[in-house]
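Asks: Got a structure for you, start.cif, holding mmCIF, N, CA and C atoms.
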data_upload
loop_
_atom_site.group_PDB
_atom_site.id
_atom_site.type_symbol
_atom_site.label_atom_id
_atom_site.label_comp_id
_atom_site.auth_asym_id
_atom_site.auth_seq_id
_atom_site.Cartn_x
_atom_site.Cartn_y
_atom_site.Cartn_z
ATOM 1 N N GLY A 1 8.967 -22.574 32.944
ATOM 2 C CA GLY A 1 8.014 -22.332 31.906
ATOM 3 C C GLY A 1 8.676 -22.353 30.533
ATOM 4 N N THR A 2 7.852 -22.516 29.569
ATOM 5 C CA THR A 2 8.293 -22.529 28.185
ATOM 6 C C THR A 2 8.069 -21.161 27.563
ATOM 7 N N ILE A 3 9.039 -20.692 26.840
ATOM 8 C CA ILE A 3 8.921 -19.419 26.130
ATOM 9 C C ILE A 3 8.881 -19.713 24.643
ATOM 10 N N LYS A 4 7.863 -19.176 23.989
ATOM 11 C CA LYS A 4 7.745 -19.317 22.536
ATOM 12 C C LYS A 4 7.676 -17.934 21.931
ATOM 13 N N GLN A 5 8.343 -17.769 20.817
ATOM 14 C CA GLN A 5 8.295 -16.489 20.130
ATOM 15 C C GLN A 5 7.526 -16.655 18.827
ATOM 16 N N TYR A 6 6.637 -15.690 18.560
ATOM 17 C CA TYR A 6 5.815 -15.705 17.365
ATOM 18 C C TYR A 6 5.949 -14.376 16.647
ATOM 19 N N THR A 7 5.788 -14.420 15.345
ATOM 20 C CA THR A 7 5.717 -13.193 14.564
ATOM 21 C C THR A 7 4.244 -12.894 14.343
ATOM 22 N N LEU A 8 3.826 -11.714 14.749
ATOM 23 C CA LEU A 8 2.434 -11.311 14.616
ATOM 24 C C LEU A 8 2.317 -10.326 13.463
ATOM 25 N N TYR A 9 1.435 -10.629 12.509
ATOM 26 C CA TYR A 9 1.205 -9.756 11.370
ATOM 27 C C TYR A 9 -0.098 -9.000 11.597
ATOM 28 N N CYS A 10 0.011 -7.711 11.799
ATOM 29 C CA CYS A 10 -1.174 -6.865 12.019
ATOM 30 C C CYS A 10 -1.442 -6.077 10.750
ATOM 31 N N LEU A 11 -2.585 -6.298 10.165
ATOM 32 C CA LEU A 11 -2.947 -5.620 8.926
ATOM 33 C C LEU A 11 -4.211 -4.809 9.137
ATOM 34 N N ILE A 12 -4.247 -3.640 8.550
ATOM 35 C CA ILE A 12 -5.441 -2.801 8.584
ATOM 36 C C ILE A 12 -6.377 -3.277 7.490
ATOM 37 N N TYR A 13 -7.671 -3.402 7.810
ATOM 38 C CA TYR A 13 -8.637 -3.817 6.805
ATOM 39 C C TYR A 13 -8.602 -2.829 5.640
ATOM 40 N N PRO A 14 -8.488 -3.325 4.416
ATOM 41 C CA PRO A 14 -8.452 -2.419 3.268
ATOM 42 C C PRO A 14 -9.815 -1.794 3.004
ATOM 43 N N GLU A 15 -9.795 -0.607 2.403
ATOM 44 C CA GLU A 15 -11.033 0.034 2.004
ATOM 45 C C GLU A 15 -10.763 0.885 0.773
ATOM 46 N N PHE A 16 -11.845 1.300 0.136
ATOM 47 C CA PHE A 16 -11.708 2.191 -1.003
ATOM 48 C C PHE A 16 -11.379 3.596 -0.502
ATOM 49 N N LYS A 17 -10.416 4.223 -1.143
ATOM 50 C CA LYS A 17 -10.150 5.644 -0.894
ATOM 51 C C LYS A 17 -11.183 6.459 -1.662
ATOM 52 N N THR A 18 -11.440 6.038 -2.898
ATOM 53 C CA THR A 18 -12.519 6.581 -3.727
ATOM 54 C C THR A 18 -13.151 5.421 -4.468
ATOM 55 N N VAL A 19 -14.469 5.512 -4.713
ATOM 56 C CA VAL A 19 -15.148 4.486 -5.506
ATOM 57 C C VAL A 19 -16.371 5.101 -6.174
ATOM 58 N N THR A 20 -16.512 4.828 -7.464
ATOM 59 C CA THR A 20 -17.695 5.249 -8.208
ATOM 60 C C THR A 20 -18.207 4.072 -9.038
ATOM 61 N N VAL A 21 -19.510 4.032 -9.206
ATOM 62 C CA VAL A 21 -20.144 3.093 -10.123
ATOM 63 C C VAL A 21 -20.908 3.937 -11.131
ATOM 64 N N ASN A 22 -20.571 3.769 -12.399
ATOM 65 C CA ASN A 22 -21.149 4.574 -13.490
ATOM 66 C C ASN A 22 -21.027 6.072 -13.185
ATOM 67 N N GLY A 23 -19.904 6.464 -12.574
ATOM 68 C CA GLY A 23 -19.628 7.865 -12.296
ATOM 69 C C GLY A 23 -20.253 8.418 -11.033
ATOM 70 N N VAL A 24 -21.019 7.595 -10.289
ATOM 71 C CA VAL A 24 -21.678 8.040 -9.057
ATOM 72 C C VAL A 24 -20.840 7.586 -7.861
ATOM 73 N N LYS A 25 -20.496 8.546 -7.002
ATOM 74 C CA LYS A 25 -19.665 8.273 -5.828
ATOM 75 C C LYS A 25 -20.412 7.433 -4.796
ATOM 76 N N GLY A 26 -19.707 6.448 -4.236
ATOM 77 C CA GLY A 26 -20.271 5.624 -3.177
ATOM 78 C C GLY A 26 -20.084 6.281 -1.820
ATOM 79 N N VAL A 27 -21.090 6.149 -0.962
ATOM 80 C CA VAL A 27 -21.044 6.697 0.392
ATOM 81 C C VAL A 27 -20.827 5.528 1.353
ATOM 82 N N LEU A 28 -19.744 5.604 2.130
ATOM 83 C CA LEU A 28 -19.371 4.525 3.040
ATOM 84 C C LEU A 28 -20.119 4.618 4.361
ATOM 85 N N THR A 29 -20.657 3.463 4.787
ATOM 86 C CA THR A 29 -21.222 3.303 6.122
ATOM 87 C C THR A 29 -20.490 2.135 6.761
ATOM 88 N N ARG A 30 -19.960 2.366 7.939
ATOM 89 C CA ARG A 30 -19.235 1.307 8.647
ATOM 90 C C ARG A 30 -20.159 0.604 9.632
ATOM 91 N N ASP A 31 -19.885 -0.655 9.848
ATOM 92 C CA ASP A 31 -20.561 -1.411 10.887
ATOM 93 C C ASP A 31 -19.862 -1.090 12.206
ATOM 94 N N ALA A 32 -20.607 -0.746 13.220
ATOM 95 C CA ALA A 32 -20.032 -0.330 14.501
ATOM 96 C C ALA A 32 -19.234 -1.433 15.183
ATOM 97 N N PHE A 33 -19.578 -2.675 14.924
ATOM 98 C CA PHE A 33 -18.933 -3.773 15.626
ATOM 99 C C PHE A 33 -18.034 -4.622 14.739
ATOM 100 N N ASN A 34 -18.360 -4.718 13.474
ATOM 101 C CA ASN A 34 -17.585 -5.546 12.546
ATOM 102 C C ASN A 34 -16.845 -4.631 11.580
ATOM 103 N N GLN A 35 -15.629 -4.272 11.933
ATOM 104 C CA GLN A 35 -14.860 -3.345 11.110
ATOM 105 C C GLN A 35 -14.478 -3.943 9.764
ATOM 106 N N ASP A 36 -14.637 -5.262 9.612
ATOM 107 C CA ASP A 36 -14.342 -5.882 8.324
ATOM 108 C C ASP A 36 -15.522 -5.794 7.362
ATOM 109 N N HIS A 37 -16.642 -5.206 7.797
ATOM 110 C CA HIS A 37 -17.817 -5.058 6.929
ATOM 111 C C HIS A 37 -18.019 -3.584 6.599
ATOM 112 N N GLN A 38 -18.061 -3.293 5.301
ATOM 113 C CA GLN A 38 -18.240 -1.920 4.830
ATOM 114 C C GLN A 38 -19.361 -1.903 3.802
ATOM 115 N N THR A 39 -20.268 -0.947 3.949
ATOM 116 C CA THR A 39 -21.375 -0.790 3.011
ATOM 117 C C THR A 39 -21.199 0.513 2.255
ATOM 118 N N TYR A 40 -21.228 0.433 0.932
ATOM 119 C CA TYR A 40 -21.152 1.608 0.068
ATOM 120 C C TYR A 40 -22.494 1.759 -0.639
ATOM 121 N N THR A 41 -23.106 2.935 -0.507
ATOM 122 C CA THR A 41 -24.411 3.193 -1.110
ATOM 123 C C THR A 41 -24.238 4.116 -2.304
ATOM 124 N N PHE A 42 -24.871 3.737 -3.411
ATOM 125 C CA PHE A 42 -24.836 4.499 -4.656
ATOM 126 C C PHE A 42 -26.261 4.860 -5.041
ATOM 127 N N THR A 43 -26.520 6.129 -5.325
ATOM 128 C CA THR A 43 -27.830 6.550 -5.809
ATOM 129 C C THR A 43 -27.710 6.777 -7.307
ATOM 130 N N LEU A 44 -28.238 5.832 -8.063
ATOM 131 C CA LEU A 44 -28.091 5.815 -9.522
ATOM 132 C C LEU A 44 -29.393 6.227 -10.196
ATOM 133 N N PRO A 45 -29.293 6.664 -11.449
ATOM 134 C CA PRO A 45 -30.515 6.988 -12.198
ATOM 135 C C PRO A 45 -31.386 5.740 -12.382
ATOM 136 N N SER A 46 -32.689 5.938 -12.394
ATOM 137 C CA SER A 46 -33.613 4.819 -12.638
ATOM 138 C C SER A 46 -33.250 4.130 -13.938
ATOM 139 N N GLY A 47 -33.347 2.818 -13.930
ATOM 140 C CA GLY A 47 -33.063 2.044 -15.131
ATOM 141 C C GLY A 47 -31.603 1.643 -15.293
ATOM 142 N N THR A 48 -30.736 2.052 -14.353
ATOM 143 C CA THR A 48 -29.323 1.668 -14.436
ATOM 144 C C THR A 48 -29.195 0.159 -14.283
ATOM 145 N N ASP A 49 -28.422 -0.444 -15.169
ATOM 146 C CA ASP A 49 -28.194 -1.888 -15.160
ATOM 147 C C ASP A 49 -26.962 -2.198 -14.317
ATOM 148 N N VAL A 50 -27.150 -2.615 -13.054
ATOM 149 C CA VAL A 50 -26.003 -2.921 -12.199
ATOM 150 C C VAL A 50 -25.360 -4.260 -12.548
ATOM 151 N N ALA A 51 -25.965 -4.990 -13.468
ATOM 152 C CA ALA A 51 -25.358 -6.222 -13.962
ATOM 153 C C ALA A 51 -24.355 -5.915 -15.076
ATOM 154 N N ASN A 52 -24.231 -4.633 -15.421
ATOM 155 C CA ASN A 52 -23.291 -4.208 -16.464
ATOM 156 C C ASN A 52 -22.839 -2.778 -16.132
ATOM 157 N N ALA A 53 -22.148 -2.633 -14.988
ATOM 158 C CA ALA A 53 -21.795 -1.311 -14.485
ATOM 159 C C ALA A 53 -20.277 -1.126 -14.473
ATOM 160 N N LYS A 54 -19.864 0.119 -14.635
ATOM 161 C CA LYS A 54 -18.434 0.442 -14.649
ATOM 162 C C LYS A 54 -18.013 0.947 -13.275
ATOM 163 N N ILE A 55 -16.970 0.320 -12.731
ATOM 164 C CA ILE A 55 -16.439 0.745 -11.432
ATOM 165 C C ILE A 55 -15.083 1.408 -11.637
ATOM 166 N N GLU A 56 -14.900 2.512 -10.939
ATOM 167 C CA GLU A 56 -13.599 3.166 -10.892
ATOM 168 C C GLU A 56 -13.280 3.389 -9.425
ATOM 169 N N TYR A 57 -12.051 3.057 -9.033
ATOM 170 C CA TYR A 57 -11.705 3.152 -7.622
ATOM 171 C C TYR A 57 -10.210 3.354 -7.419
ATOM 172 N N THR A 58 -9.896 3.824 -6.219
ATOM 173 C CA THR A 58 -8.537 3.792 -5.694
ATOM 174 C C THR A 58 -8.650 3.191 -4.299
ATOM 175 N N LEU A 59 -7.598 2.509 -3.891
ATOM 176 C CA LEU A 59 -7.592 1.895 -2.562
ATOM 177 C C LEU A 59 -6.774 2.749 -1.598
ATOM 178 N N ASP A 60 -6.960 2.508 -0.317
ATOM 179 C CA ASP A 60 -6.250 3.270 0.710
ATOM 180 C C ASP A 60 -4.811 2.790 0.914
ATOM 181 N N GLY A 61 -4.361 1.907 0.094
ATOM 182 C CA GLY A 61 -3.003 1.349 0.169
ATOM 183 C C GLY A 61 -2.936 0.161 -0.768
ATOM 184 N N THR A 62 -2.180 -0.833 -0.389
ATOM 185 C CA THR A 62 -2.108 -2.033 -1.210
ATOM 186 C C THR A 62 -3.378 -2.849 -1.033
ATOM 187 N N GLY A 63 -3.680 -3.662 -2.014
ATOM 188 C CA GLY A 63 -4.841 -4.526 -1.904
ATOM 189 C C GLY A 63 -5.400 -4.887 -3.268
ATOM 190 N N THR A 64 -6.397 -5.749 -3.230
ATOM 191 C CA THR A 64 -7.035 -6.244 -4.441
ATOM 192 C C THR A 64 -8.542 -6.240 -4.235
ATOM 193 N N PHE A 65 -9.286 -5.756 -5.238
ATOM 194 C CA PHE A 65 -10.747 -5.783 -5.210
ATOM 195 C C PHE A 65 -11.203 -7.022 -5.952
ATOM 196 N N LEU A 66 -12.062 -7.819 -5.310
ATOM 197 C CA LEU A 66 -12.522 -9.081 -5.889
ATOM 198 C C LEU A 66 -14.044 -9.129 -5.953
ATOM 199 N N VAL A 67 -14.555 -9.620 -7.073
ATOM 200 C CA VAL A 67 -15.980 -9.901 -7.243
ATOM 201 C C VAL A 67 -16.086 -11.401 -7.467
ATOM 202 N N GLU A 68 -16.770 -12.079 -6.549
ATOM 203 C CA GLU A 68 -16.887 -13.549 -6.602
ATOM 204 C C GLU A 68 -15.508 -14.209 -6.679
ATOM 205 N N GLY A 69 -14.511 -13.616 -5.988
ATOM 206 C CA GLY A 69 -13.163 -14.189 -5.936
ATOM 207 C C GLY A 69 -12.276 -13.859 -7.120
ATOM 208 N N ASN A 70 -12.782 -13.092 -8.082
ATOM 209 C CA ASN A 70 -11.998 -12.718 -9.260
ATOM 210 C C ASN A 70 -11.624 -11.242 -9.180
ATOM 211 N N GLU A 71 -10.348 -10.950 -9.429
ATOM 212 C CA GLU A 71 -9.878 -9.569 -9.357
ATOM 213 C C GLU A 71 -10.564 -8.700 -10.409
ATOM 214 N N VAL A 72 -10.973 -7.512 -9.998
ATOM 215 C CA VAL A 72 -11.614 -6.547 -10.895
ATOM 216 C C VAL A 72 -10.804 -5.261 -10.836
ATOM 217 N N ALA A 73 -10.268 -4.861 -11.968
ATOM 218 C CA ALA A 73 -9.457 -3.649 -12.047
ATOM 219 C C ALA A 73 -10.342 -2.417 -12.147
ATOM 220 N N SER A 74 -9.822 -1.290 -11.690
ATOM 221 C CA SER A 74 -10.533 -0.024 -11.833
ATOM 222 C C SER A 74 -10.740 0.260 -13.315
ATOM 223 N N GLY A 75 -11.922 0.784 -13.643
ATOM 224 C CA GLY A 75 -12.253 1.076 -15.038
ATOM 225 C C GLY A 75 -12.934 -0.067 -15.756
ATOM 226 N N THR A 76 -13.143 -1.179 -15.044
ATOM 227 C CA THR A 76 -13.738 -2.374 -15.622
ATOM 228 C C THR A 76 -15.266 -2.327 -15.524
ATOM 229 N N THR A 77 -15.935 -2.864 -16.532
ATOM 230 C CA THR A 77 -17.380 -3.049 -16.484
ATOM 231 C C THR A 77 -17.627 -4.463 -15.984
ATOM 232 N N THR A 78 -18.493 -4.592 -14.974
ATOM 233 C CA THR A 78 -18.725 -5.902 -14.375
ATOM 234 C C THR A 78 -20.156 -6.000 -13.842
ATOM 235 N N ASN A 79 -20.501 -7.173 -13.331
ATOM 236 C CA ASN A 79 -21.828 -7.440 -12.788
ATOM 237 C C ASN A 79 -21.769 -7.384 -11.263
ATOM 238 N N PHE A 80 -22.507 -6.455 -10.660
ATOM 239 C CA PHE A 80 -22.553 -6.340 -9.202
ATOM 240 C C PHE A 80 -23.837 -6.893 -8.615
ATOM 241 N N ASP A 81 -24.741 -7.350 -9.434
ATOM 242 C CA ASP A 81 -26.062 -7.782 -8.995
ATOM 243 C C ASP A 81 -25.964 -9.042 -8.141
ATOM 244 N N GLY A 82 -26.072 -8.872 -6.812
ATOM 245 C CA GLY A 82 -26.077 -10.006 -5.890
ATOM 246 C C GLY A 82 -24.758 -10.727 -5.753
ATOM 247 N N LYS A 83 -23.673 -10.097 -6.104
ATOM 248 C CA LYS A 83 -22.365 -10.749 -6.071
ATOM 249 C C LYS A 83 -21.668 -10.534 -4.725
ATOM 250 N N THR A 84 -20.739 -11.453 -4.397
ATOM 251 C CA THR A 84 -19.906 -11.332 -3.208
ATOM 252 C C THR A 84 -18.713 -10.454 -3.542
ATOM 253 N N LEU A 85 -18.538 -9.371 -2.764
ATOM 254 C CA LEU A 85 -17.470 -8.406 -3.004
ATOM 255 C C LEU A 85 -16.521 -8.380 -1.810
ATOM 256 N N THR A 86 -15.225 -8.387 -2.081
ATOM 257 C CA THR A 86 -14.239 -8.318 -1.006
ATOM 258 C C THR A 86 -13.049 -7.460 -1.441
ATOM 259 N N LEU A 87 -12.368 -6.920 -0.452
ATOM 260 C CA LEU A 87 -11.069 -6.292 -0.638
ATOM 261 C C LEU A 87 -10.090 -7.106 0.191
ATOM 262 N N GLU A 88 -8.933 -7.445 -0.399
ATOM 263 C CA GLU A 88 -7.942 -8.244 0.321
ATOM 264 C C GLU A 88 -6.599 -7.536 0.333
ATOM 265 N N ARG A 89 -5.940 -7.624 1.479
ATOM 266 C CA ARG A 89 -4.595 -7.076 1.630
ATOM 267 C C ARG A 89 -3.740 -8.153 2.270
ATOM 268 N N SER A 90 -2.532 -8.368 1.719
ATOM 269 C CA SER A 90 -1.605 -9.351 2.267
ATOM 270 C C SER A 90 -0.399 -8.638 2.864
ATOM 271 N N ALA A 91 0.246 -9.305 3.810
ATOM 272 C CA ALA A 91 1.484 -8.786 4.379
ATOM 273 C C ALA A 91 2.598 -8.972 3.354
ATOM 274 N N ALA A 92 3.418 -7.957 3.183
ATOM 275 C CA ALA A 92 4.520 -8.036 2.212
ATOM 276 C C ALA A 92 5.489 -9.158 2.554
ATOM 277 N N THR A 93 5.656 -9.439 3.826
ATOM 278 C CA THR A 93 6.609 -10.466 4.245
ATOM 279 C C THR A 93 5.984 -11.839 4.436
ATOM 280 N N ASN A 94 4.662 -11.935 4.339
ATOM 281 C CA ASN A 94 3.982 -13.213 4.509
ATOM 282 C C ASN A 94 2.646 -13.159 3.768
ATOM 283 N N ALA A 95 2.610 -13.647 2.551
ATOM 284 C CA ALA A 95 1.406 -13.576 1.710
ATOM 285 C C ALA A 95 0.233 -14.361 2.297
ATOM 286 N N GLN A 96 0.490 -15.269 3.224
ATOM 287 C CA GLN A 96 -0.596 -16.032 3.839
ATOM 288 C C GLN A 96 -1.355 -15.218 4.882
ATOM 289 N N ALA A 97 -0.738 -14.159 5.392
ATOM 290 C CA ALA A 97 -1.411 -13.287 6.351
ATOM 291 C C ALA A 97 -2.238 -12.276 5.566
ATOM 292 N N LYS A 98 -3.565 -12.324 5.722
ATOM 293 C CA LYS A 98 -4.451 -11.467 4.942
ATOM 294 C C LYS A 98 -5.459 -10.755 5.835
ATOM 295 N N ALA A 99 -5.784 -9.538 5.411
ATOM 296 C CA ALA A 99 -6.913 -8.808 5.994
ATOM 297 C C ALA A 99 -7.952 -8.738 4.886
ATOM 298 N N VAL A 100 -9.158 -9.186 5.170
ATOM 299 C CA VAL A 100 -10.219 -9.233 4.165
ATOM 300 C C VAL A 100 -11.398 -8.383 4.629
ATOM 301 N N SER A 101 -11.762 -7.406 3.805
ATOM 302 C CA SER A 101 -12.942 -6.582 4.067
ATOM 303 C C SER A 101 -14.091 -7.112 3.233
ATOM 304 N N ASN A 102 -15.217 -7.356 3.886
ATOM 305 C CA ASN A 102 -16.429 -7.778 3.186
ATOM 306 C C ASN A 102 -17.174 -6.521 2.777
ATOM 307 N N ILE A 103 -17.387 -6.377 1.482
ATOM 308 C CA ILE A 103 -17.957 -5.166 0.919
ATOM 309 C C ILE A 103 -19.388 -5.436 0.475
ATOM 310 N N GLU A 104 -20.260 -4.483 0.770
ATOM 311 C CA GLU A 104 -21.641 -4.554 0.295
ATOM 312 C C GLU A 104 -21.928 -3.286 -0.500
ATOM 313 N N PHE A 105 -22.401 -3.451 -1.723
ATOM 314 C CA PHE A 105 -22.844 -2.321 -2.541
ATOM 315 C C PHE A 105 -24.368 -2.277 -2.468
ATOM 316 N N VAL A 106 -24.906 -1.139 -2.047
ATOM 317 C CA VAL A 106 -26.349 -0.927 -2.014
ATOM 318 C C VAL A 106 -26.670 0.083 -3.107
ATOM 319 N N PHE A 107 -27.609 -0.293 -3.967
ATOM 320 C CA PHE A 107 -27.991 0.590 -5.070
ATOM 321 C C PHE A 107 -29.389 1.131 -4.833
ATOM 322 N N LYS A 108 -29.485 2.463 -4.851
ATOM 323 C CA LYS A 108 -30.777 3.141 -4.776
ATOM 324 C C LYS A 108 -30.974 3.809 -6.134
ATOM 325 N N PHE A 109 -32.213 3.900 -6.552
ATOM 326 C CA PHE A 109 -32.504 4.464 -7.870
ATOM 327 C C PHE A 109 -33.460 5.632 -7.743
ATOM 328 N N GLN A 110 -33.177 6.674 -8.546
ATOM 329 C CA GLN A 110 -34.085 7.827 -8.563
ATOM 330 C C GLN A 110 -34.236 8.358 -9.962
#
Output the file's structure in the form of structure tokens.
Replies:
Amino acid sequence: GTIKQYTLYCLIYPEFKTVTVNGVKGVLTRDAFNQDHQTYTFTLPSGTDVANAKIEYTLDGTGTFLVEGNEVASGTTTNFDGKTLTLERSAATNAQAKAVSNIEFVFKFQ
């Protein structure tokens, strides 16, 4: 038989340690089957413009928060209305190995 050796890069899906939009804390709901999908729900005051909202966050380790593929730093005002949100983490020894979390922000208004 043939023996082949491979290096396996195991990465934990990144997530927010803390996240707020306009000062309101997001509540995380996990998908039972797809651990790469995370939903954060924010209950904001009526009339809040999520197309011009301020996000503040910390991550559970290394990683990058992206909106439509563009990095968004904590403290930045950005547009979340219908946008694709992801968190990405790369292996320190192999930048091509990535764990990508698909993030969904749900906004409720009261």
Asks: Which of these residues is nearest to Phe109 in chain A, using only C-alpha atoms: A:Glu15, A:Lys25, A:Gln5, A:Ser46?
Replies: A:Ser46
Asks: Carefully work through the PyMOL selection byres ((chain A and resi 13) around 7) for this structure and note down the residues it includes, as a JSON list (two decimals) with N, CA and C atoms, in the coordinates of the input.
Replies:
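For reference, result-v2.json as written:
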[["chain", "number", "residue", "atom", "x", "y", "z"],
["A", 11, "LEU", "N", -2.58, -6.30, 10.16],
["A", 11, "LEU", "CA", -2.95, -5.62, 8.93],
["A", 11, "LEU", "C", -4.21, -4.81, 9.14],
["A", 12, "ILE", "N", -4.25, -3.64, 8.55],
["A", 12, "ILE", "CA", -5.44, -2.80, 8.58],
["A", 12, "ILE", "C", -6.38, -3.28, 7.49],
["A", 14, "PRO", "N", -8.49, -3.32, 4.42],
["A", 14, "PRO", "CA", -8.45, -2.42, 3.27],
["A", 14, "PRO", "C", -9.82, -1.79, 3.00],
["A", 15, "GLU", "N", -9.80, -0.61, 2.40],
["A", 15, "GLU", "CA", -11.03, 0.03, 2.00],
["A", 15, "GLU", "C", -10.76, 0.88, 0.77],
["A", 35, "GLN", "N", -15.63, -4.27, 11.93],
["A", 35, "GLN", "CA", -14.86, -3.34, 11.11],
["A", 35, "GLN", "C", -14.48, -3.94, 9.76],
["A", 36, "ASP", "N", -14.64, -5.26, 9.61],
["A", 36, "ASP", "CA", -14.34, -5.88, 8.32],
["A", 36, "ASP", "C", -15.52, -5.79, 7.36],
["A", 89, "ARG", "N", -5.94, -7.62, 1.48],
["A", 89, "ARG", "CA", -4.60, -7.08, 1.63],
["A", 89, "ARG", "C", -3.74, -8.15, 2.27],
["A", 99, "ALA", "N", -5.78, -9.54, 5.41],
["A", 99, "ALA", "CA", -6.91, -8.81, 5.99],
["A", 99, "ALA", "C", -7.95, -8.74, 4.89],
["A", 100, "VAL", "N", -9.16, -9.19, 5.17],
["A", 100, "VAL", "CA", -10.22, -9.23, 4.16],
["A", 100, "VAL", "C", -11.40, -8.38, 4.63],
["A", 101, "SER", "N", -11.76, -7.41, 3.80],
["A", 101, "SER", "CA", -12.94, -6.58, 4.07],
["A", 101, "SER", "C", -14.09, -7.11, 3.23]]
Asks: What lies within 8 Å of Tyr57 in chain A using all atoms listed in the file, ignoring chain neighbours under 4 positions off, as a VMD selection string?
Replies: chain A and resid 16 to 21 73 to 76
Asks: Separation of CA of Leu87 in chain A and CA of Tyr9 in chain A, in Å?
Replies: 17.5 Å
Asks: Can you measure atom C of Thr86 in chain A to atom C of Gly47 in chain A for me? One decimal in Å is fine.
Replies: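 Going from atom C of Thr86 in chain A over to atom C of Gly47 in chain A, I get 24.9 Å.
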Asks: When DSSP works through the backbone of this structure, what residues of range 19-78 of chain A end up as strand (DSSP E), shown as a PyMOL selection string?
Replies: chain A and resi 19-21+24-25+27-30+37-44+53-59+64-67+70-71+76-78
Asks: Using only N, CA and C atoms, please write the residues we just selected to a file, as a compact mmCIF listing (two decimals), in the frame of the given file.
Replies:
# COMPACT_ATOMS: atom_id res chain seq x y z
N VAL A 19 -14.47 5.51 -4.71
CA VAL A 19 -15.15 4.49 -5.51
C VAL A 19 -16.37 5.10 -6.17
N THR A 20 -16.51 4.83 -7.46
CA THR A 20 -17.70 5.25 -8.21
C THR A 20 -18.21 4.07 -9.04
N VAL A 21 -19.51 4.03 -9.21
CA VAL A 21 -20.14 3.09 -10.12
C VAL A 21 -20.91 3.94 -11.13
N VAL A 24 -21.02 7.60 -10.29
CA VAL A 24 -21.68 8.04 -9.06
C VAL A 24 -20.84 7.59 -7.86
N LYS A 25 -20.50 8.55 -7.00
CA LYS A 25 -19.66 8.27 -5.83
C LYS A 25 -20.41 7.43 -4.80
N VAL A 27 -21.09 6.15 -0.96
CA VAL A 27 -21.04 6.70 0.39
C VAL A 27 -20.83 5.53 1.35
N LEU A 28 -19.74 5.60 2.13
CA LEU A 28 -19.37 4.53 3.04
C LEU A 28 -20.12 4.62 4.36
N THR A 29 -20.66 3.46 4.79
CA THR A 29 -21.22 3.30 6.12
C THR A 29 -20.49 2.13 6.76
N ARG A 30 -19.96 2.37 7.94
CA ARG A 30 -19.24 1.31 8.65
C ARG A 30 -20.16 0.60 9.63
N HIS A 37 -16.64 -5.21 7.80
CA HIS A 37 -17.82 -5.06 6.93
C HIS A 37 -18.02 -3.58 6.60
N GLN A 38 -18.06 -3.29 5.30
CA GLN A 38 -18.24 -1.92 4.83
C GLN A 38 -19.36 -1.90 3.80
N THR A 39 -20.27 -0.95 3.95
CA THR A 39 -21.38 -0.79 3.01
C THR A 39 -21.20 0.51 2.26
N TYR A 40 -21.23 0.43 0.93
CA TYR A 40 -21.15 1.61 0.07
C TYR A 40 -22.49 1.76 -0.64
N THR A 41 -23.11 2.94 -0.51
CA THR A 41 -24.41 3.19 -1.11
C THR A 41 -24.24 4.12 -2.30
N PHE A 42 -24.87 3.74 -3.41
CA PHE A 42 -24.84 4.50 -4.66
C PHE A 42 -26.26 4.86 -5.04
N THR A 43 -26.52 6.13 -5.32
CA THR A 43 -27.83 6.55 -5.81
C THR A 43 -27.71 6.78 -7.31
N LEU A 44 -28.24 5.83 -8.06
CA LEU A 44 -28.09 5.82 -9.52
C LEU A 44 -29.39 6.23 -10.20
N ALA A 53 -22.15 -2.63 -14.99
CA ALA A 53 -21.80 -1.31 -14.48
C ALA A 53 -20.28 -1.13 -14.47
N LYS A 54 -19.86 0.12 -14.64
CA LYS A 54 -18.43 0.44 -14.65
C LYS A 54 -18.01 0.95 -13.28
N ILE A 55 -16.97 0.32 -12.73
CA ILE A 55 -16.44 0.74 -11.43
C ILE A 55 -15.08 1.41 -11.64
N GLU A 56 -14.90 2.51 -10.94
CA GLU A 56 -13.60 3.17 -10.89
C GLU A 56 -13.28 3.39 -9.43
N TYR A 57 -12.05 3.06 -9.03
CA TYR A 57 -11.70 3.15 -7.62
C TYR A 57 -10.21 3.35 -7.42
N THR A 58 -9.90 3.82 -6.22
CA THR A 58 -8.54 3.79 -5.69
C THR A 58 -8.65 3.19 -4.30
N LEU A 59 -7.60 2.51 -3.89
CA LEU A 59 -7.59 1.90 -2.56
C LEU A 59 -6.77 2.75 -1.60
N THR A 64 -6.40 -5.75 -3.23
CA THR A 64 -7.04 -6.24 -4.44
C THR A 64 -8.54 -6.24 -4.24
N PHE A 65 -9.29 -5.76 -5.24
CA PHE A 65 -10.75 -5.78 -5.21
C PHE A 65 -11.20 -7.02 -5.95
N LEU A 66 -12.06 -7.82 -5.31
CA LEU A 66 -12.52 -9.08 -5.89
C LEU A 66 -14.04 -9.13 -5.95
N VAL A 67 -14.56 -9.62 -7.07
CA VAL A 67 -15.98 -9.90 -7.24
C VAL A 67 -16.09 -11.40 -7.47
N ASN A 70 -12.78 -13.09 -8.08
CA ASN A 70 -12.00 -12.72 -9.26
C ASN A 70 -11.62 -11.24 -9.18
N GLU A 71 -10.35 -10.95 -9.43
CA GLU A 71 -9.88 -9.57 -9.36
C GLU A 71 -10.56 -8.70 -10.41
N THR A 76 -13.14 -1.18 -15.04
CA THR A 76 -13.74 -2.37 -15.62
C THR A 76 -15.27 -2.33 -15.52
N THR A 77 -15.94 -2.86 -16.53
CA THR A 77 -17.38 -3.05 -16.48
C THR A 77 -17.63 -4.46 -15.98
N THR A 78 -18.49 -4.59 -14.97
CA THR A 78 -18.73 -5.90 -14.38
C THR A 78 -20.16 -6.00 -13.84
Asks: Given all atoms listed in the file as the basis, pick out the residue of A:Ser90, A:Asn22, A:Thr29, A:Asn79 nearest to Thr41 in chain A.
Replies: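 Closest to Thr41 in chain A, using all atoms listed in the file: A:Thr29.
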Asks: When distances are computed from only N, CA and C atoms, which of A:Ala95, A:Val72, A:Leu66, A:Val106 shows the smallest separation from Thr39 in chain A?
Replies: A:Val106
Asks: Please, what distance in Å, to one decimal, runs between CA of Asn94 in chain A and CA of Cys10 in chain A?
Replies: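 Separation of CA of Asn94 in chain A and CA of Cys10 in chain A: 11.1 Å.
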Asks: Evaluated on this file, the PyMOL selection byres (((chain A and resi 53 and name CA) around 9) and name CA) picks out some residues - which ones are they, written as JSON, numbers by chain?
Replies: {"A": [21, 22, 48, 49, 50, 51, 52, 54, 55, 76, 77, 78, 79, 80]}
